[in-house]
Every structure is written in structure tokens, then in C-alpha cells.
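The data block below is entry22.cif; it holds mmCIF, C-alpha atoms.
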```
data_structure
loop_
_atom_site.label_atom_id
_atom_site.label_comp_id
_atom_site.auth_asym_id
_atom_site.auth_seq_id
_atom_site.Cartn_x
_atom_site.Cartn_y
_atom_site.Cartn_z
CA LYS A 1116 0.00 0.00 0.00
CA ASN A 1117 1.36 3.40 -0.97
CA GLU A 1118 1.93 5.84 1.84
CA VAL A 1119 0.11 8.52 -0.15
CA GLU A 1120 -2.87 7.52 -2.25
CA GLN A 1121 -4.86 9.69 -4.59
CA SER A 1122 -8.20 9.17 -6.21
CA PRO A 1123 -9.27 9.16 -8.87
CA GLN A 1124 -6.24 8.40 -11.03
CA ASN A 1125 -7.89 9.88 -14.08
CA LEU A 1126 -10.69 12.39 -14.30
CA THR A 1127 -12.50 13.98 -17.21
CA ALA A 1128 -14.93 16.84 -16.85
CA GLN A 1129 -16.91 19.32 -18.86
CA GLU A 1130 -16.02 22.96 -18.57
CA GLY A 1131 -17.80 24.50 -15.61
CA GLU A 1132 -18.04 21.34 -13.52
CA PHE A 1133 -17.01 21.17 -9.87
CA ILE A 1134 -14.06 18.82 -9.39
CA THR A 1135 -12.78 17.03 -6.33
CA ILE A 1136 -9.50 15.15 -6.01
CA ASN A 1137 -8.83 13.16 -2.87
CA CYS A 1138 -5.63 12.29 -1.05
CA SER A 1139 -5.22 9.87 1.83
CA TYR A 1140 -1.96 9.25 3.62
CA SER A 1141 -0.75 6.80 6.21
CA VAL A 1142 2.33 8.55 7.61
CA GLY A 1143 2.56 11.25 10.21
CA ILE A 1144 3.06 14.54 8.48
CA SER A 1145 4.23 18.07 9.11
CA ALA A 1146 2.53 19.55 6.07
CA LEU A 1147 0.79 18.58 2.84
CA HIS A 1148 1.36 20.04 -0.62
CA TRP A 1149 -0.93 20.12 -3.60
CA LEU A 1150 1.07 20.45 -6.80
CA GLN A 1151 0.08 20.98 -10.42
CA GLN A 1152 2.11 19.60 -13.31
CA HIS A 1153 1.31 20.67 -16.85
CA PRO A 1154 2.20 18.57 -19.93
CA GLY A 1155 5.43 20.55 -20.37
CA GLY A 1156 6.57 19.14 -17.05
CA GLY A 1157 6.95 22.19 -14.84
CA ILE A 1158 5.54 21.88 -11.35
CA VAL A 1159 3.64 24.61 -9.56
CA SER A 1160 2.92 24.49 -5.86
CA LEU A 1161 -0.76 25.28 -5.40
CA PHE A 1162 -1.10 24.95 -1.65
CA MET A 1163 0.78 23.94 1.41
CA LEU A 1164 -1.39 23.27 4.42
CA SER A 1165 -1.17 21.61 7.79
CA SER A 1166 -4.71 22.22 9.03
CA GLY A 1167 -8.09 23.53 7.96
CA LYS A 1168 -8.76 25.00 4.58
CA LYS A 1169 -7.14 27.32 2.07
CA LYS A 1170 -8.63 29.06 -0.94
CA HIS A 1171 -6.97 30.66 -3.93
CA GLY A 1172 -9.19 31.79 -6.76
CA ARG A 1173 -11.19 28.80 -7.96
CA LEU A 1174 -9.10 26.34 -5.99
CA ILE A 1175 -9.87 25.15 -2.48
CA ALA A 1176 -7.82 22.72 -0.42
CA THR A 1177 -8.90 21.12 2.82
CA ILE A 1178 -7.18 18.79 5.22
CA ASN A 1179 -8.44 16.63 8.07
CA ILE A 1180 -5.46 15.65 10.20
CA GLN A 1181 -7.40 13.13 12.32
CA GLU A 1182 -8.66 11.29 9.27
CA LYS A 1183 -5.37 11.73 7.36
CA HIS A 1184 -7.22 13.00 4.34
CA SER A 1185 -7.05 16.04 2.10
CA SER A 1186 -9.14 17.20 -0.82
CA LEU A 1187 -8.50 19.61 -3.66
CA HIS A 1188 -11.56 21.23 -5.19
CA ILE A 1189 -11.76 23.16 -8.43
CA THR A 1190 -14.86 25.26 -8.94
CA ALA A 1191 -16.07 26.26 -12.41
CA SER A 1192 -13.42 24.10 -14.11
CA HIS A 1193 -11.81 25.32 -17.31
CA PRO A 1194 -9.81 23.53 -20.04
CA ARG A 1195 -6.67 25.32 -18.81
CA ASP A 1196 -7.05 23.39 -15.54
CA SER A 1197 -6.12 20.24 -17.46
CA ALA A 1198 -2.99 18.92 -15.78
CA VAL A 1199 -1.75 16.32 -13.36
CA TYR A 1200 -2.47 17.15 -9.74
CA ILE A 1201 -0.13 15.68 -7.18
CA CYS A 1202 -0.56 15.39 -3.44
CA ALA A 1203 2.69 15.29 -1.48
CA VAL A 1204 3.14 14.98 2.26
CA PHE A 1205 6.13 16.22 4.19
CA ASP A 1206 7.34 13.42 6.45
CA THR A 1207 10.27 14.29 8.72
CA ASP A 1208 12.62 15.72 6.13
CA LYS A 1209 11.28 14.95 2.69
CA LEU A 1210 8.20 14.90 0.51
CA ILE A 1211 6.38 11.68 -0.22
CA PHE A 1212 4.40 11.92 -3.43
CA GLY A 1213 1.11 10.46 -4.48
CA THR A 1214 0.85 8.99 -7.96
CA GLY A 1215 -1.10 11.95 -9.27
CA THR A 1216 -4.53 12.56 -10.75
CA ARG A 1217 -4.68 13.30 -14.45
CA LEU A 1218 -7.45 15.82 -15.10
CA GLN A 1219 -8.83 16.69 -18.51
CA VAL A 1220 -11.43 19.40 -18.82
CA PHE A 1221 -13.25 19.60 -22.14
CA PRO A 1222 -14.90 22.74 -23.49
CA GLY B 77 8.67 35.76 -4.96
CA ALA B 78 10.15 32.27 -4.62
CA VAL B 79 11.27 31.46 -8.11
CA VAL B 80 13.51 28.54 -8.94
CA SER B 81 15.16 28.20 -12.32
CA GLN B 82 16.89 25.28 -13.98
CA HIS B 83 19.36 25.26 -16.80
CA PRO B 84 19.31 23.82 -19.34
CA SER B 85 15.63 23.09 -19.91
CA TRP B 86 16.56 20.23 -22.18
CA VAL B 87 19.76 18.54 -23.24
CA ILE B 88 20.76 15.74 -25.56
CA CYS B 89 24.09 14.06 -25.02
CA LYS B 90 25.96 11.00 -26.18
CA SER B 91 26.56 7.92 -24.05
CA GLY B 92 29.65 8.23 -21.93
CA THR B 93 29.62 11.99 -21.64
CA SER B 94 28.77 14.02 -18.54
CA VAL B 95 26.01 16.57 -18.21
CA LYS B 96 25.64 19.32 -15.62
CA ILE B 97 22.25 20.70 -14.61
CA GLU B 98 21.99 23.90 -12.61
CA CYS B 99 19.29 24.81 -10.12
CA ARG B 100 19.06 28.38 -8.87
CA SER B 101 16.82 30.13 -6.39
CA LEU B 102 16.39 33.55 -7.94
CA ASP B 103 14.88 35.65 -5.19
CA PHE B 104 15.54 33.82 -1.96
CA GLN B 105 18.27 31.94 -0.17
CA ALA B 106 17.75 28.20 -0.18
CA THR B 107 19.38 26.33 2.63
CA THR B 108 18.10 23.04 1.26
CA MET B 109 17.67 21.89 -2.33
CA PHE B 110 16.18 18.65 -3.53
CA TRP B 111 16.80 16.74 -6.74
CA TYR B 112 14.12 14.52 -8.25
CA ARG B 113 13.79 12.44 -11.37
CA GLN B 114 10.58 11.54 -13.07
CA PHE B 115 9.93 8.84 -15.66
CA PRO B 116 7.00 9.18 -18.07
CA LYS B 117 3.63 8.89 -16.38
CA GLN B 118 5.24 8.26 -13.01
CA SER B 119 5.53 10.35 -9.92
CA LEU B 120 8.62 12.20 -8.78
CA MET B 121 11.34 10.19 -7.14
CA LEU B 122 13.66 11.90 -4.70
CA MET B 123 17.28 11.36 -5.61
CA ALA B 124 19.08 13.44 -3.03
CA THR B 125 18.84 16.30 -0.59
CA SER B 126 21.57 18.91 -0.51
CA ASN B 127 22.33 21.49 2.12
CA GLU B 128 24.57 24.43 1.39
CA GLY B 129 28.14 23.76 2.30
CA SER B 130 27.74 20.09 3.14
CA LYS B 131 27.63 16.78 1.31
CA ALA B 132 24.39 15.71 -0.25
CA THR B 133 22.28 12.95 1.29
CA TYR B 134 21.40 10.38 -1.33
CA GLU B 135 18.34 8.15 -1.32
CA GLN B 136 18.77 4.42 -1.28
CA GLY B 137 19.61 3.07 -4.70
CA VAL B 138 20.94 6.35 -6.11
CA GLU B 139 24.60 6.14 -7.07
CA LYS B 140 26.41 9.08 -5.56
CA ASP B 141 29.39 8.65 -7.87
CA LYS B 142 27.14 8.80 -10.90
CA PHE B 143 24.94 11.68 -9.81
CA LEU B 144 27.26 14.30 -8.36
CA ILE B 145 25.55 17.05 -6.42
CA ASN B 146 27.19 20.28 -5.36
CA HIS B 147 25.46 22.98 -3.33
CA ALA B 148 28.12 25.62 -3.43
CA SER B 149 26.05 28.61 -2.41
CA LEU B 150 22.68 29.50 -0.94
CA THR B 151 21.29 30.07 -4.42
CA LEU B 152 22.90 27.39 -6.56
CA SER B 153 22.97 23.61 -6.62
CA THR B 154 24.24 21.51 -9.50
CA LEU B 155 23.59 17.92 -10.52
CA THR B 156 26.16 16.29 -12.77
CA VAL B 157 25.23 13.04 -14.47
CA THR B 158 28.55 11.35 -15.12
CA SER B 159 29.20 8.82 -17.87
CA ALA B 160 25.61 9.10 -18.97
CA HIS B 161 23.77 6.08 -20.37
CA PRO B 162 20.47 5.89 -22.25
CA GLU B 163 18.75 4.64 -19.09
CA ASP B 164 19.63 7.96 -17.44
CA SER B 165 17.28 9.67 -19.88
CA SER B 166 14.62 11.24 -17.71
CA PHE B 167 13.09 14.46 -16.49
CA TYR B 168 15.13 15.96 -13.65
CA ILE B 169 13.49 18.47 -11.34
CA CYS B 170 14.96 20.45 -8.50
CA SER B 171 13.21 22.21 -5.66
CA ALA B 172 14.38 24.60 -3.00
CA SER B 173 13.13 25.50 0.44
CA LYS B 174 13.63 28.54 2.58
CA PRO B 175 15.16 28.23 6.05
CA ALA B 176 12.89 26.67 8.69
CA THR B 177 9.96 26.07 6.30
CA TYR B 178 8.40 22.97 4.78
CA GLU B 179 7.30 24.57 1.56
CA GLN B 180 9.26 23.61 -1.52
CA TYR B 181 9.49 25.69 -4.67
CA PHE B 182 10.02 23.69 -7.82
CA GLY B 183 12.13 24.41 -10.86
CA PRO B 184 10.74 23.92 -14.37
CA GLY B 185 12.71 20.73 -14.89
CA THR B 186 15.39 19.54 -17.31
CA ARG B 187 14.70 16.86 -19.87
CA LEU B 188 17.79 14.75 -20.46
CA THR B 189 18.06 12.46 -23.46
CA VAL B 190 21.11 10.24 -23.76
CA THR B 191 21.70 8.75 -27.20
#
```
What does this structure look like when you write it as C-alpha cells?
Amino acid sequence: KNEVEQSPQNLTAQEGEFITINCSYSVGISALHWLQQHPGGGIVSLFMLSSGKKKHGRLIATINIQEKHSSLHITASHPRDSAVYICAVFDTDKLIFGTGTRLQVFP
Amino acid sequence: GAVVSQHPSWVICKSGTSVKIECRSLDFQATTMFWYRQFPKQSLMLMATSNEGSKATYEQGVEKDKFLINHASLTLSTLTVTSAHPEDSSFYICSASKPATYEQYFGPGTRLTVT
């Protein structure tokens, strides 16, 4: 069993739909990252959180420390949101990555 | 700010040659830098962690003599792939963190192709 699991692995949506990506982890963590990787390969850090909820534009990230679970929500999805979304948890001194969720948003 | 750059963005080299990849933090001092590699459709794999002025800590299974890491200053770390082979072809990504924080800022990556 992976230490960081994401679901779903692949996700397709129509423009405008509300999207949720889930991340569950089994290790004790100091913080959790949500990352976005576009087809070109570059990685952008969307959020880092250790409790509660953060919002940036159409993106919302939540974390429940007791349940060891985090979610990334995208409201009013757009084709430019198409990317791989990666959950990564900071354990002791390094990041442990989930396998990613490939999102495609169609117009 | 918190921008990390990598150079080159892509490189093609012949088997047996060495390739150096640079990772720079442009607007902050990075006490720790991380080097990752990523194969197609797979997640990032940590290769090594480097702290300025000290030797890098390599993950299990990563050959330190093959992947030489130097973190000479608070804004620059380099990864040298020595005697490159086709199986070293991959996407190499660095990240940097500020002192006493968990957040990592990622570079745009370097695609290495060894022919």
C-alpha cells in the first residue's frame, strides 16, 4: 500500500463542472502540498497546508489531520485546468508523493 | 517571490559523456535543495537532498558517484550526471526550500536524453 494515495487516477470533466480530487496518507506529516504539473513538465505548488482550509481563486484545499485526508476542489473548471495534480506529504525531512490525478477538462 | 530556475531546460548528449544541470533560487536563499527524477507517467522520485556547504544525502539506490551534487552557495545547486547512459534519460526536477519552512518551490525541470 502506498503511503500517499490519490483518487481518482484519471478524471475527465466538462467545462464549468465542480471537481474534487482526494488524497489519503498513512504517515505522520508536518505539512501537505498540492502540486500541479502541466504537460510541459513544470511543477507549480498550489497549496501547502497543515490544518483547515485554504482558498486561492477557484481552488480550495482542505485537510483533516485526524482522518489523514485532504481534498482539492476546483470550482467552475476550465480547459486550462487540465494537468496532473499531485498530493505530497512532508514526512520528517522529505516529501512523499502520491501517484497523481490526471485531469482533462473539455470545453 | 520564490522562483527557482533550472538550466538547461533540455539537453541531448551522447553515451559516456557528462552533463551538468543547474538549479538556482532567484529571489531567496535556499538552505536546502532537492533533486528529483521523473519517468514518463510516473511520480517524482527523490534522488538526493543537498544542504549548502555540506555533502548531499542520497536516497537508497541512487549512485552518488554517478549523480554528483554540489550545493556551493545559498542560491545554486548543481547535478552532474557522469558517464551518462540511455537509461539515465529522464526528467530531472529540483526544488528549494527557505530556512525553517516545509514549503518547496520547484524548478521547471530539465529533460535529459542520452543517445
Residues in the PyMOL selection byres ((chain A and resi 1138) around 7), expressed as a compact mmCIF listing (two decimals) with C-alpha atoms, in the frame of the given file:
```txt
# COMPACT_ATOMS: atom_id res chain seq x y z
CA VAL A 1119 0.11 8.52 -0.15
CA GLU A 1120 -2.87 7.52 -2.25
CA GLN A 1121 -4.86 9.69 -4.59
CA SER A 1122 -8.20 9.17 -6.21
CA ILE A 1136 -9.50 15.15 -6.01
CA ASN A 1137 -8.83 13.16 -2.87
CA SER A 1139 -5.22 9.87 1.83
CA TYR A 1140 -1.96 9.25 3.62
CA HIS A 1184 -7.22 13.00 4.34
CA SER A 1185 -7.05 16.04 2.10
CA SER A 1186 -9.14 17.20 -0.82
CA CYS A 1202 -0.56 15.39 -3.44
```
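Atom to atom, CA of Arg1173 in chain A and CA of Thr1190 in chain A stand 5.2 Å apart.
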task = For range 176-190 of chain B, work out the shell of residues within 8 Å, counting all atoms listed in the file and skipping chain neighbours fewer than 5 positions away, then give it as a PyMOL selection string.
result = (chain A and resi 1145-1146+1148+1156-1160+1163+1205) or (chain B and resi 78-91+97+99+160-171)
task = With a distance cut-off of 8 Å and all atoms listed in the file, select the neighbouring residues of range 1215-1219 of chain A, excluding the residue or stretch itself and same-chain residues fewer than 6 positions from it, and output the selection as an MDAnalysis selection string.
result = (chainID A and resid 1121:1128 1136 1194 1196:1202) or (chainID B and resid 119)
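Relative to CA of Thr151 in chain B, CA of Phe1162 in chain A is found at 23.1 Å.
In this model, the gap between CA of Ser130 in chain B and CA of His147 in chain B comes to 7.4 Å.
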task = Write out as a PyMOL selection string the residues lying within 10 Å of His1171 in chain A, counting only C-alpha atoms and excluding same-chain residues fewer than 2 positions away.
result = chain A and resi 1161-1162+1169+1173-1176+1189
ask   = Using all atoms listed in the file, which of the listed residues (B:Glu139, B:Thr107, B:Gln118, B:Lys96) sits closest to chain A?
value = B:Gln118
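Considering the residues A:Ile1180, A:Leu1187, A:Val1204, A:Val1142 and counting all atoms listed in the file, chain B has its shortest atom-to-atom contact with A:Val1204.
What the PyMOL selection byres ((chain A and resi 1130) around 6) picks from this file is Gln1129, Gly1131, Glu1132, Ser1192, His1193, Val1220, Phe1221 and Pro1222 of chain A.
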Hits of the PyMOL selection byres ((chain B and resi 95) around 6) in this structure, as a short mmCIF file (atom, residue, chain, number, x, y, z; two decimals) with C-alpha atoms, keeping the file's coordinate frame:
```
data_model
loop_
_atom_site.label_atom_id
_atom_site.label_comp_id
_atom_site.auth_asym_id
_atom_site.auth_seq_id
_atom_site.Cartn_x
_atom_site.Cartn_y
_atom_site.Cartn_z
CA SER B 94 28.77 14.02 -18.54
CA LYS B 96 25.64 19.32 -15.62
CA THR B 156 26.16 16.29 -12.77
CA VAL B 157 25.23 13.04 -14.47
#
```
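Minimum atom-to-atom distance to chain B, evaluated using all atoms listed in the file, belongs to A:Gly1155 out of A:Gly1155, A:Gly1143, A:Asn1117, A:Asn1179.
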